[in-house]
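Participant: My structure is stored as model.txt, with compact mmCIF, C-alpha atoms.
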# COMPACT_ATOMS: atom_id res chain seq x y z
CA MET Y 30 66.39 43.77 167.31
CA GLU Y 31 68.60 43.17 170.28
CA SER Y 32 71.41 45.71 170.59
CA VAL Y 33 74.76 46.01 172.30
CA GLN Y 34 76.82 49.03 173.19
CA VAL Y 35 80.14 49.62 171.47
CA LEU Y 36 82.58 52.35 172.42
CA ILE Y 37 83.91 54.51 169.63
CA PRO Y 38 86.06 57.64 169.89
CA LYS Y 39 83.98 60.75 170.40
CA SER Y 40 85.79 62.49 167.55
CA LEU Y 41 84.70 59.72 165.20
CA TYR Y 42 81.14 59.98 166.47
CA THR Y 43 81.18 63.73 165.83
CA ARG Y 44 82.50 63.14 162.34
CA VAL Y 45 79.73 60.66 161.57
CA GLU Y 46 77.17 63.03 163.10
CA LYS Y 47 78.39 65.76 160.74
CA LEU Y 48 78.27 63.39 157.80
CA CYS Y 49 74.76 62.40 158.83
CA LYS Y 50 73.58 66.00 158.62
CA GLU Y 51 75.27 66.46 155.26
CA ILE Y 52 73.44 63.56 153.71
CA SER Y 53 70.14 64.26 155.49
CA CYS Y 54 70.28 61.12 157.53
CA GLU Y 55 68.00 61.22 160.54
CA ASP Y 56 69.76 58.86 162.85
CA VAL Y 57 73.49 58.65 163.53
CA ASN Y 58 73.13 55.17 164.88
CA GLU Y 59 71.39 54.01 161.76
CA LEU Y 60 74.12 55.50 159.59
CA LEU Y 61 76.82 53.87 161.66
CA VAL Y 62 75.14 50.50 161.38
CA ARG Y 63 74.78 50.93 157.63
CA LEU Y 64 78.42 51.93 157.20
CA LEU Y 65 79.58 49.14 159.41
CA ARG Y 66 77.47 46.60 157.54
CA GLU Y 67 78.90 47.73 154.22
CA ARG Y 68 82.44 47.54 155.48
CA VAL Y 69 81.92 44.23 157.23
CA SER Y 70 80.57 42.68 154.04
CA GLU Y 71 83.61 43.96 152.18
CA VAL Y 72 85.92 42.45 154.74
CA GLU Y 73 83.93 39.22 154.65
CA GLU Y 74 84.28 39.20 150.89
CA GLU Y 75 87.99 39.73 151.21
CA ILE Y 76 88.28 36.91 153.67
CA PHE Y 77 86.14 34.74 151.46
CA SER Y 78 88.27 35.85 148.54
CA ALA Y 79 91.10 33.81 150.00
CA GLY Y 80 88.71 31.13 148.76
CA VAL Y 81 89.42 28.69 151.53
CA SER Y 82 87.69 27.16 154.50
CA GLU Y 83 89.46 27.07 157.84
CA GLU Y 84 90.28 23.40 157.31
CA GLU Y 85 91.69 24.07 153.85
CA ARG Y 86 93.64 27.01 155.17
CA GLU Y 87 95.31 24.79 157.74
CA GLU Y 88 96.25 22.32 155.03
CA ILE Y 89 97.68 25.10 152.88
CA VAL Y 90 99.68 26.51 155.79
CA LYS Y 91 101.11 23.03 156.35
CA ARG Y 92 102.04 22.76 152.67
CA LEU Y 93 103.58 26.22 152.68
CA LYS Y 94 105.68 25.27 155.69
CA GLU Y 95 106.84 22.08 153.97
CA LYS Y 96 107.89 24.10 150.95
CA GLY Y 97 109.76 26.57 153.13
CA TYR Y 98 107.49 29.57 152.56
CA LEU Y 99 106.46 29.87 156.20
CA MET A 15 94.16 43.10 152.46
CA VAL A 16 95.04 41.00 149.46
CA SER A 17 93.25 41.82 146.21
CA LYS A 18 89.83 40.38 145.59
CA PRO A 19 89.85 37.88 142.75
CA HIS A 20 88.93 39.28 139.36
CA GLY A 21 85.16 39.08 139.15
CA GLY A 22 84.86 38.64 142.93
CA LYS A 23 85.26 34.91 143.23
CA LEU A 24 88.26 32.65 142.95
CA ILE A 25 87.38 29.94 140.48
CA ASP A 26 88.05 26.34 141.41
CA ARG A 27 87.51 23.80 138.62
CA THR A 28 89.49 20.98 140.17
CA VAL A 29 87.93 17.75 141.42
CA SER A 30 88.23 15.87 144.67
CA GLU A 31 90.44 12.79 144.90
CA LYS A 32 87.24 10.79 145.36
CA SER A 33 85.77 11.73 141.97
CA LYS A 34 89.07 11.62 140.12
CA GLU A 35 89.10 7.91 139.41
CA ARG A 36 85.53 7.85 138.12
CA LEU A 37 86.10 10.89 135.89
CA MET A 38 89.31 9.39 134.53
CA LYS A 39 87.39 6.31 133.46
CA GLU A 40 84.64 8.42 131.88
CA ALA A 41 87.22 10.53 130.06
CA MET A 42 88.69 7.43 128.44
CA GLU A 43 85.35 6.85 126.68
CA MET A 44 85.04 10.39 125.31
CA GLU A 45 86.26 12.03 122.13
CA ARG A 46 89.71 13.41 122.91
CA VAL A 47 91.74 16.48 122.09
CA ASP A 48 95.49 16.27 122.51
CA LEU A 49 96.84 19.43 124.03
CA THR A 50 100.02 21.38 123.60
CA GLU A 51 101.98 22.29 126.72
CA GLY A 52 100.60 25.83 126.54
CA LEU A 53 96.97 24.68 126.38
CA ALA A 54 97.49 22.21 129.21
CA ALA A 55 98.89 25.08 131.26
CA ASP A 56 95.86 27.21 130.37
CA ILE A 57 93.58 24.47 131.70
CA ALA A 58 95.49 24.28 134.97
CA ASN A 59 95.33 28.06 135.21
CA ILE A 60 91.57 28.06 134.65
CA ALA A 61 91.08 25.23 137.14
CA HIS A 62 93.11 26.84 139.90
CA GLY A 63 91.65 30.32 139.53
CA VAL A 64 94.66 31.99 137.93
CA TYR A 65 92.31 33.08 135.13
CA SER A 66 89.33 33.87 137.38
CA PRO A 67 86.55 34.57 136.44
CA LEU A 68 87.02 32.23 133.47
CA GLU A 69 85.70 28.72 134.06
CA GLY A 70 86.67 27.45 130.66
CA PHE A 71 87.66 28.41 127.14
CA LEU A 72 85.95 31.45 125.66
CA THR A 73 82.71 31.08 123.78
CA ARG A 74 82.15 33.16 120.65
CA ASP A 75 80.60 36.30 122.20
CA ASP A 76 83.24 36.55 124.89
CA TYR A 77 85.95 35.87 122.34
CA GLN A 78 84.73 38.67 120.08
CA SER A 79 84.20 41.01 123.00
CA VAL A 80 87.76 40.44 124.23
CA LEU A 81 89.11 41.10 120.74
CA ASP A 82 87.02 44.24 120.19
CA GLN A 83 86.53 45.72 123.64
CA MET A 84 89.28 44.11 125.72
CA ARG A 85 86.49 43.10 128.08
CA LEU A 86 84.35 40.02 128.63
CA THR A 87 80.67 40.32 127.81
CA ASN A 88 80.01 40.96 131.52
CA ASP A 89 82.17 44.09 131.18
CA LEU A 90 85.12 42.76 133.18
CA PRO A 91 88.51 43.74 131.77
CA TRP A 92 90.09 40.85 129.86
CA THR A 93 92.63 41.35 127.12
CA ILE A 94 93.99 38.00 125.93
CA PRO A 95 91.50 35.45 124.56
CA ILE A 96 91.91 32.07 126.24
CA ILE A 97 90.95 29.71 123.46
CA LEU A 98 91.04 26.06 122.49
CA ASP A 99 91.59 25.26 118.82
CA VAL A 100 90.60 22.05 117.04
CA ASP A 101 90.77 20.89 113.44
CA GLU A 102 87.86 20.41 111.06
CA GLU A 103 87.94 16.63 111.33
CA PHE A 104 87.53 16.81 115.12
CA LYS A 105 84.89 19.51 114.82
CA ASN A 106 82.83 17.19 112.62
CA ARG A 107 82.96 14.42 115.21
CA ILE A 108 81.48 16.46 118.05
CA LYS A 109 78.44 18.63 118.63
CA GLU A 110 77.49 21.33 121.08
CA GLY A 111 76.50 19.82 124.41
CA ASP A 112 78.98 16.94 124.17
CA GLU A 113 81.56 16.24 126.81
CA ILE A 114 85.07 15.77 125.52
CA ALA A 115 88.31 14.70 127.17
CA LEU A 116 91.40 16.88 127.08
CA PHE A 117 94.59 14.85 127.00
CA TYR A 118 98.14 15.89 127.72
CA LYS A 119 101.03 13.51 127.13
CA ASP A 120 98.56 10.71 126.54
CA LYS A 121 96.72 11.17 129.85
CA PRO A 122 93.32 12.77 130.39
CA ILE A 123 93.77 15.94 132.41
CA ALA A 124 90.36 17.55 132.01
CA ILE A 125 86.81 17.19 130.83
CA MET A 126 85.14 19.91 128.84
CA ARG A 127 81.52 20.52 128.05
CA VAL A 128 81.34 21.83 124.50
CA GLU A 129 79.15 24.90 124.62
CA GLU A 130 80.02 26.30 121.24
CA ILE A 131 82.08 25.45 118.16
CA TYR A 132 83.03 28.34 115.90
CA PRO A 133 85.54 29.38 113.25
CA TRP A 134 88.02 32.17 113.91
CA ASP A 135 89.87 34.65 111.82
CA LYS A 136 93.54 34.31 112.70
CA ARG A 137 94.47 37.49 110.90
CA GLU A 138 91.88 39.49 112.81
CA TYR A 139 93.05 37.85 116.05
CA SER A 140 96.66 38.74 115.28
CA ARG A 141 95.93 42.31 114.32
CA LYS A 142 93.88 42.91 117.44
CA VAL A 143 95.93 40.99 120.00
CA PHE A 144 99.44 41.54 118.63
CA LYS A 145 98.73 44.73 116.67
CA THR A 146 100.36 43.11 113.66
CA ASP A 147 99.88 40.19 111.32
CA ASP A 148 103.58 39.99 110.54
CA ILE A 149 104.48 36.32 110.57
CA ASN A 150 107.90 37.18 112.05
CA HIS A 151 106.20 38.12 115.29
CA PRO A 152 106.45 34.96 117.48
CA GLY A 153 102.84 35.26 118.67
CA VAL A 154 101.51 35.73 115.14
CA LYS A 155 103.59 32.80 113.92
CA LYS A 156 102.10 30.57 116.61
CA THR A 157 98.59 31.83 115.89
CA PHE A 158 98.82 30.91 112.22
CA GLN A 159 100.05 27.43 113.18
CA ARG A 160 96.90 26.80 115.22
CA LYS A 161 93.86 24.84 114.02
CA ASP A 162 90.90 26.41 112.29
CA TYR A 163 88.04 26.08 114.79
CA LEU A 164 87.58 27.10 118.39
CA ILE A 165 85.53 25.37 121.01
CA GLY A 166 84.21 27.20 124.01
CA GLY A 167 82.92 25.79 127.27
CA ASP A 168 83.68 25.07 130.91
CA VAL A 169 86.47 22.71 131.89
CA LEU A 170 86.91 20.48 134.90
CA GLN A 171 90.47 19.49 135.64
CA ILE A 172 90.91 15.92 136.80
CA GLU A 173 94.68 15.76 136.96
CA ASP A 174 97.31 18.37 137.73
CA LEU A 175 100.18 18.73 135.32
CA PRO A 176 103.50 17.29 136.39
CA GLU A 177 105.70 20.16 137.53
CA PRO A 178 109.49 19.72 137.56
CA TYR A 179 109.76 22.75 139.85
CA GLU A 180 107.00 21.67 142.24
CA ARG A 181 108.79 23.27 145.18
CA TYR A 182 108.06 26.64 143.61
CA ARG A 183 104.55 26.02 142.29
CA LEU A 184 101.92 27.96 144.18
CA TRP A 185 98.32 28.49 143.13
CA PRO A 186 96.28 31.61 143.98
CA LYS A 187 94.65 29.95 146.99
CA GLU A 188 98.10 29.27 148.37
CA THR A 189 99.61 32.69 147.72
CA ARG A 190 96.54 34.31 149.27
CA VAL A 191 96.99 32.29 152.43
CA LEU A 192 100.73 32.95 152.34
CA PHE A 193 100.23 36.72 152.12
CA LEU A 194 97.67 36.64 154.91
CA GLU A 195 99.92 34.52 157.12
CA ARG A 196 102.81 36.87 156.55
CA GLY A 197 100.56 39.82 157.36
CA TRP A 198 101.15 41.46 153.99
CA LYS A 199 98.49 43.96 153.01
CA ARG A 200 100.20 45.58 150.05
CA ILE A 201 101.87 43.20 147.69
CA ALA A 202 103.81 44.21 144.58
CA ALA A 203 103.94 41.53 141.91
CA PHE A 204 106.81 41.29 139.48
CA GLN A 205 106.42 39.40 136.23
CA THR A 206 109.53 38.13 134.52
CA ARG A 207 110.91 35.80 131.89
CA ASN A 208 114.50 36.77 132.49
CA VAL A 209 117.37 36.22 134.85
CA PRO A 210 117.59 39.21 137.18
CA HIS A 211 120.01 42.01 136.46
CA ARG A 212 120.62 45.09 138.56
CA GLY A 213 117.88 47.02 136.76
CA HIS A 214 115.30 44.42 137.76
CA GLU A 215 116.54 44.42 141.32
CA TYR A 216 116.31 48.20 141.48
CA ILE A 217 112.72 48.18 140.23
CA GLN A 218 111.72 45.41 142.63
CA LYS A 219 113.29 47.18 145.58
CA ALA A 220 111.71 50.49 144.61
CA ALA A 221 108.31 48.78 144.75
CA LEU A 222 109.16 46.93 147.94
CA THR A 223 110.01 50.20 149.66
CA PHE A 224 106.35 51.16 149.93
CA THR A 225 104.70 47.75 150.01
CA ASP A 226 104.78 44.92 152.56
CA GLY A 227 105.99 42.19 150.28
CA LEU A 228 107.32 41.44 146.84
CA PHE A 229 105.82 38.61 144.82
CA ILE A 230 108.29 37.51 142.15
CA ASN A 231 106.45 35.31 139.73
CA PRO A 232 108.44 34.23 136.66
CA LEU A 233 106.73 32.54 133.78
CA VAL A 234 107.88 29.05 132.94
CA GLY A 235 106.92 27.14 129.83
CA TRP A 236 107.22 27.93 126.15
CA LYS A 237 109.35 30.94 125.34
CA LYS A 238 110.99 32.12 122.16
CA PRO A 239 114.52 31.12 121.19
CA GLY A 240 117.09 33.34 122.88
CA ASP A 241 115.11 33.63 126.14
CA PHE A 242 116.59 32.06 129.27
CA LYS A 243 115.68 28.48 130.19
CA ASP A 244 113.35 28.05 133.16
CA GLU A 245 115.91 26.38 135.40
CA VAL A 246 118.40 29.19 134.85
CA ILE A 247 115.84 31.83 135.83
CA ILE A 248 114.87 29.93 138.98
CA LYS A 249 118.46 29.33 140.11
CA ALA A 250 119.45 32.92 139.35
CA TYR A 251 116.58 34.23 141.48
CA GLU A 252 117.47 31.86 144.30
CA ALA A 253 120.93 33.44 144.34
CA LEU A 254 119.58 37.00 144.25
CA ILE A 255 117.00 36.47 146.99
CA GLU A 256 119.43 34.60 149.21
CA ASN A 257 122.11 37.28 148.99
CA TYR A 258 120.34 40.57 148.45
CA TYR A 259 116.89 40.53 150.06
CA PRO A 260 115.97 40.59 153.74
CA LYS A 261 114.32 37.40 154.95
CA GLY A 262 110.56 37.24 154.68
CA VAL A 263 109.93 40.10 152.27
CA VAL A 264 109.89 38.09 149.05
CA ALA A 265 107.57 35.34 147.90
CA PHE A 266 108.99 33.59 144.88
CA SER A 267 106.89 31.17 142.88
CA ILE A 268 106.61 30.13 139.27
CA LEU A 269 103.68 30.36 136.90
CA ARG A 270 103.42 27.93 134.04
CA MET A 271 101.93 30.10 131.33
CA GLU A 272 103.04 30.80 127.80
CA MET A 273 104.44 34.15 126.86
CA ARG A 274 102.31 35.59 124.07
CA TYR A 275 104.53 38.59 123.31
CA ALA A 276 101.38 40.68 122.97
CA GLY A 277 102.92 43.77 124.56
CA PRO A 278 100.31 46.13 126.03
CA ARG A 279 97.43 43.64 126.04
CA GLU A 280 99.60 41.07 127.72
CA ALA A 281 100.71 43.60 130.35
CA VAL A 282 97.07 43.93 131.43
CA HIS A 283 96.64 40.16 131.31
CA HIS A 284 99.69 39.72 133.53
CA ALA A 285 98.23 42.24 135.98
CA ILE A 286 94.86 40.45 136.14
CA VAL A 287 96.57 37.13 136.74
CA ARG A 288 98.62 38.57 139.61
CA LYS A 289 95.48 40.15 141.05
CA ASN A 290 94.07 36.64 141.25
CA PHE A 291 97.17 35.59 143.16
CA GLY A 292 96.29 38.31 145.67
CA ALA A 293 98.73 41.03 144.62
CA THR A 294 97.57 44.61 145.11
CA HIS A 295 100.18 46.23 142.87
CA PHE A 296 101.73 45.14 139.61
CA ILE A 297 105.04 46.35 138.23
CA VAL A 298 104.72 47.18 134.55
CA GLY A 299 108.01 47.33 132.75
CA ARG A 300 109.03 49.45 129.82
CA ASP A 301 107.98 47.55 126.68
CA HIS A 302 106.38 44.93 128.93
CA ALA A 303 105.84 41.61 127.10
CA GLY A 304 107.13 43.23 123.97
CA VAL A 305 109.25 41.75 121.23
CA GLY A 306 111.24 43.41 118.44
CA ASN A 307 109.88 46.85 117.57
CA TYR A 308 106.21 45.95 117.41
CA TYR A 309 105.19 48.14 120.37
CA GLY A 310 106.14 51.60 121.55
CA PRO A 311 108.30 51.64 124.69
CA TYR A 312 105.48 52.99 126.88
CA GLU A 313 102.44 51.49 125.15
CA ALA A 314 102.18 48.92 127.91
CA TRP A 315 101.76 51.80 130.38
CA ASP A 316 99.24 53.77 128.33
CA ILE A 317 96.84 50.87 127.92
CA PHE A 318 96.10 50.86 131.67
CA LYS A 319 94.24 54.17 131.24
CA ASN A 320 91.44 52.10 129.72
CA PHE A 321 90.98 50.07 132.88
CA PRO A 322 90.17 52.19 135.94
CA ASP A 323 88.22 49.18 137.20
CA LEU A 324 91.09 46.70 137.04
CA GLY A 325 91.30 46.21 140.79
CA ILE A 326 95.09 46.11 140.92
CA THR A 327 97.34 49.15 140.89
CA PRO A 328 99.87 49.26 138.07
CA LEU A 329 103.28 50.58 139.05
CA PHE A 330 105.08 52.27 136.24
CA VAL A 331 108.70 52.19 137.31
CA ARG A 332 111.08 53.85 134.90
CA GLU A 333 113.96 51.98 133.35
CA ALA A 334 116.93 51.82 135.69
CA PHE A 335 120.52 52.50 134.74
CA TYR A 336 123.83 52.92 136.51
CA CYS A 337 124.99 56.51 136.90
CA LYS A 338 128.71 56.98 137.45
CA LYS A 339 128.14 60.38 139.03
CA CYS A 340 125.33 59.19 141.36
CA GLY A 341 127.34 56.04 142.05
CA GLY A 342 124.42 53.66 141.88
CA MET A 343 121.31 52.44 140.11
CA VAL A 344 118.93 55.28 139.37
CA ASN A 345 116.30 56.27 136.85
CA GLU A 346 115.58 59.32 134.73
CA LYS A 347 113.30 60.82 137.33
CA ILE A 348 115.92 60.91 140.05
CA CYS A 349 119.20 61.34 138.19
CA PRO A 350 120.11 64.82 136.93
CA HIS A 351 123.27 63.79 135.08
CA PRO A 352 123.79 63.70 131.32
CA GLU A 353 123.92 60.58 129.22
CA GLU A 354 127.73 60.37 129.32
CA TYR A 355 127.55 59.34 132.99
CA ARG A 356 124.88 56.73 132.43
CA ILE A 357 125.50 53.08 131.74
CA ARG A 358 122.40 51.35 130.44
CA ILE A 359 121.89 47.66 130.99
CA SER A 360 121.38 46.13 127.63
CA GLY A 361 119.79 42.69 127.58
CA THR A 362 121.49 41.99 124.27
CA LYS A 363 124.91 42.93 125.66
CA LEU A 364 124.30 40.84 128.75
CA ARG A 365 123.27 37.81 126.67
CA LYS A 366 126.37 38.17 124.51
CA MET A 367 128.63 38.22 127.57
CA ILE A 368 126.94 35.15 128.99
CA MET A 369 127.12 33.36 125.66
CA GLU A 370 130.85 34.07 125.54
CA GLY A 371 131.27 32.85 129.13
CA ARG A 372 132.31 36.31 130.34
CA MET A 373 131.42 37.61 133.79
CA PRO A 374 129.18 40.69 133.45
CA PRO A 375 130.34 43.73 135.45
CA GLU A 376 128.82 44.13 138.90
CA TYR A 377 126.80 47.19 137.90
CA MET A 378 124.97 44.95 135.43
CA MET A 379 124.52 41.76 137.38
CA ARG A 380 125.26 40.62 140.91
CA PRO A 381 128.30 38.30 140.89
CA GLU A 382 126.39 35.55 142.75
CA VAL A 383 123.70 35.66 140.06
CA ALA A 384 126.20 35.81 137.22
CA LYS A 385 128.08 32.79 138.59
CA VAL A 386 124.88 30.76 138.64
CA VAL A 387 123.97 31.75 135.09
CA LEU A 388 127.47 31.03 133.82
CA SER A 389 127.45 27.63 135.50
CA PHE A 390 124.95 26.47 132.85
CA LYS A 391 126.56 25.13 129.73
CA ASP A 392 123.64 26.33 127.63
CA PRO A 393 121.33 28.74 129.46
CA PHE A 394 119.21 29.74 126.44
CA VAL A 395 116.10 28.39 124.75
CA HIS A 396 116.70 27.23 121.17
So, in terms of structure tokens, how does the structure I just supplied come out?
Facilitator:
Amino acid sequence: MESVQVLIPKSLYTRVEKLCKEISCEDVNELLVRLLRERVSEVEEEIFSAGVSEEEREEIVKRLKEKGYL
Amino acid sequence: MVSKPHGGKLIDRTVSEKSKERLMKEAMEMERVDLTEGLAADIANIAHGVYSPLEGFLTRDDYQSVLDQMRLTNDLPWTIPIILDVDEEFKNRIKEGDEIALFYKDKPIAIMRVEEIYPWDKREYSRKVFKTDDINHPGVKKTFQRKDYLIGGDVLQIEDLPEPYERYRLWPKETRVLFLERGWKRIAAFQTRNVPHRGHEYIQKAALTFTDGLFINPLVGWKKPGDFKDEVIIKAYEALIENYYPKGVVAFSILRMEMRYAGPREAVHHAIVRKNFGATHFIVGRDHAGVGNYYGPYEAWDIFKNFPDLGITPLFVREAFYCKKCGGMVNEKICPHPEEYRIRISGTKLRKMIMEGRMPPEYMMRPEVAKVVLSFKDPFVH
């Protein structure tokens, strides 16, 4: 799998490294990817939970403006 | 982030403009049920995701599970059965698997696939939902007036209900976008069926202090005699928000849904509904959704202990009162002074003053709000 480099604070890396040892994880990178995937799917779910496509969202924003909410 | 919908997905049982005409024609050929205003509102609430994850009226197992466990059969918290009642004559004309048309004011508003037809025990329903079968309880009275059979199944709404207060009607999809656009991450929802007095304002502002936005969401629709009329509540809130809230911190919209007066169970129902609107916190009042002396003052708080998986945080804000020594609105937790300094806001007293055309004192109601309420010749439901 193709990879990219992402910068994260060293203190956070150390924290994850510590966590990795605690849970007998062999690879910090792997743990980070797993945690990130979990969180990303949660965020995706939350975004999806708005239940609207971009097009629909634009329509709703328009309606909200017409009604004076935005 | 706004709350995830109950069950993870916001239900949408509305149809596109394109299919509407065809479905209308089909509905005209089907057996029809004429709906009350409350049932029509339930359909709109199912269709627009207010009752997510429900996609229709409860089938027998879910109905029984809600009565007995306060959960759907999939284990999701759900406390008020959403049911459609029909009479025996209608029951005999249809069979499971049929599609029927649901009419409101002589127009088809939805199509329903009949999954199950079953009898119900109104006394059992009343005892479990209202904790009483006393016919003087408005919810029990209504229950016993309902028809003898229930039909369960998914609904598809083909026509939205006319809404006299359209300017203030927002569905969950819309509030979710609104909260996101405003950048609100923590949203406290406030349920009401009353005009706002200083106690309400205190509670709302207490919640607003540690959240990003306040979602005031009064119920409109059937209420018991003596409650305030919808228009009065809306106008009174307009006055309060205009004069006493900073711009952009309040979202005010109405919800057409019947009050059940089911106290603790209804408090949880109200919380679930506001979760679907995207709220993260829900203000639970003392004797929330109560009536008479059927429920203990804090029963509506205690019930939340049963639902650690609700997905919305209940806020139990104590009853506010005016303390002459403190010189402002306070509550028992923050006021050390004895009862003689405390002036409690009595709804009954407030109603009496309004009925007599008297201006309530400012510690009870903001003058701008009082003026609006008093401008109505008859502000109460009869």
Participant: Report as an MDAnalysis selection string the set of chain A residues whose atoms approach chain Y to within 6 Å, with distances computed over all atoms listed in the file.
Facilitator: chainID A and resid 18 181 190
Participant: In Å, rounded to a single decimal, give me how far CA of Lys145 (chain A) is from CA of Leu164 (chain A).
Facilitator: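 Taking CA of Leu164 (chain A) and CA of Lys145 (chain A), their separation equals 20.9 Å.
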Participant: May I have the residues within 9 Å of region 254-266 of chain A as a PyMOL selection string, using all atoms listed in the file and disregarding those fewer than 4 positions away in the same chain?
Facilitator: (chain Y and resi 98-99) or (chain A and resi 182+189+192-193+196+210+215+219+222+226-232+249-250+380+382-383)
Participant: Next, the residues of the selection above should be written as a PDB file, in the frame of the given file with C-alpha atoms.
Facilitator:
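Written file, out_29.pdb:
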ATOM      1  CA  TYR Y  98     107.490  29.570 152.560  1.00  0.00           C
ATOM      2  CA  LEU Y  99     106.460  29.870 156.200  1.00  0.00           C
TER       3      LEU Y  99
ATOM      4  CA  TYR A 182     108.060  26.640 143.610  1.00  0.00           C
ATOM      5  CA  THR A 189      99.610  32.690 147.720  1.00  0.00           C
ATOM      6  CA  LEU A 192     100.730  32.950 152.340  1.00  0.00           C
ATOM      7  CA  PHE A 193     100.230  36.720 152.120  1.00  0.00           C
ATOM      8  CA  ARG A 196     102.810  36.870 156.550  1.00  0.00           C
ATOM      9  CA  PRO A 210     117.590  39.210 137.180  1.00  0.00           C
ATOM     10  CA  GLU A 215     116.540  44.420 141.320  1.00  0.00           C
ATOM     11  CA  LYS A 219     113.290  47.180 145.580  1.00  0.00           C
ATOM     12  CA  LEU A 222     109.160  46.930 147.940  1.00  0.00           C
ATOM     13  CA  ASP A 226     104.780  44.920 152.560  1.00  0.00           C
ATOM     14  CA  GLY A 227     105.990  42.190 150.280  1.00  0.00           C
ATOM     15  CA  LEU A 228     107.320  41.440 146.840  1.00  0.00           C
ATOM     16  CA  PHE A 229     105.820  38.610 144.820  1.00  0.00           C
ATOM     17  CA  ILE A 230     108.290  37.510 142.150  1.00  0.00           C
ATOM     18  CA  ASN A 231     106.450  35.310 139.730  1.00  0.00           C
ATOM     19  CA  PRO A 232     108.440  34.230 136.660  1.00  0.00           C
ATOM     20  CA  LYS A 249     118.460  29.330 140.110  1.00  0.00           C
ATOM     21  CA  ALA A 250     119.450  32.920 139.350  1.00  0.00           C
ATOM     22  CA  ARG A 380     125.260  40.620 140.910  1.00  0.00           C
ATOM     23  CA  GLU A 382     126.390  35.550 142.750  1.00  0.00           C
ATOM     24  CA  VAL A 383     123.700  35.660 140.060  1.00  0.00           C
TER      25      VAL A 383
END
Participant: Where does region 121-221 of chain A meet region 303-326 of chain A within 12 Å, residue by residue, with the nearest atom pair and distance in Å to one decimal for each, counting all atoms listed in the file, listed by chain and rising number, as JSON lines?
Facilitator:
{"residue": "A:Arg141", "atom": "CA", "partner": "A:Tyr308", "partner_atom": "CA", "distance": 11.3}
{"residue": "A:Val143", "atom": "CA", "partner": "A:Tyr308", "partner_atom": "CA", "distance": 11.7}
{"residue": "A:Phe144", "atom": "CA", "partner": "A:Tyr308", "partner_atom": "CA", "distance": 8.2}
{"residue": "A:Lys145", "atom": "CA", "partner": "A:Tyr308", "partner_atom": "CA", "distance": 7.6}
{"residue": "A:Thr146", "atom": "CA", "partner": "A:Tyr308", "partner_atom": "CA", "distance": 7.5}
{"residue": "A:Asp147", "atom": "CA", "partner": "A:Tyr308", "partner_atom": "CA", "distance": 10.5}
{"residue": "A:Asp148", "atom": "CA", "partner": "A:Tyr308", "partner_atom": "CA", "distance": 9.5}
{"residue": "A:Ile149", "atom": "CA", "partner": "A:Tyr308", "partner_atom": "CA", "distance": 11.9}
{"residue": "A:Asn150", "atom": "CA", "partner": "A:Gly306", "partner_atom": "CA", "distance": 9.5}
{"residue": "A:His151", "atom": "CA", "partner": "A:Val305", "partner_atom": "CA", "distance": 7.6}
{"residue": "A:Pro152", "atom": "CA", "partner": "A:Val305", "partner_atom": "CA", "distance": 8.2}
{"residue": "A:Gly153", "atom": "CA", "partner": "A:Val305", "partner_atom": "CA", "distance": 9.5}
{"residue": "A:Val154", "atom": "CA", "partner": "A:Tyr308", "partner_atom": "CA", "distance": 11.5}
{"residue": "A:Arg200", "atom": "CA", "partner": "A:Ile326", "partner_atom": "CA", "distance": 10.5}
{"residue": "A:Ile201", "atom": "CA", "partner": "A:Ile326", "partner_atom": "CA", "distance": 10.0}
{"residue": "A:Ala202", "atom": "CA", "partner": "A:Ile326", "partner_atom": "CA", "distance": 9.6}
{"residue": "A:Ala203", "atom": "CA", "partner": "A:Ile326", "partner_atom": "CA", "distance": 10.0}
{"residue": "A:Gln205", "atom": "CA", "partner": "A:Ala303", "partner_atom": "CA", "distance": 9.4}
{"residue": "A:Thr206", "atom": "CA", "partner": "A:Ala303", "partner_atom": "CA", "distance": 9.0}
{"residue": "A:Arg207", "atom": "CA", "partner": "A:Ala303", "partner_atom": "CA", "distance": 9.1}
{"residue": "A:Asn208", "atom": "CA", "partner": "A:Ala303", "partner_atom": "CA", "distance": 11.3}
Participant: Rounded to one decimal, what separation in Å do you get between CA of Gly361 (chain A) and CA of Arg279 (chain A)?
Facilitator: 22.4 Å
Participant: Find the residue from A:Pro375, A:Gly235, A:Gly342, A:Gly167 that sits nearest to Ile131 (chain A); use all atoms listed in the file when measuring.
Facilitator: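 Counting all atoms listed in the file, the residue closest to Ile131 (chain A) is A:Gly167.
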Participant: Tell me, in Å to one decimal, how far CA of Met44 (chain A) is from CA of Ala115 (chain A).
Facilitator: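 Distance between the two atoms: 5.7 Å.
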Participant: For a cut-off of 12 Å around (75.1, 61.9, 168.2), file coordinates, pick out all residues using only C-alpha atoms and list them as a ChimeraX atom specification.
Facilitator: /Y:37-50,54-61
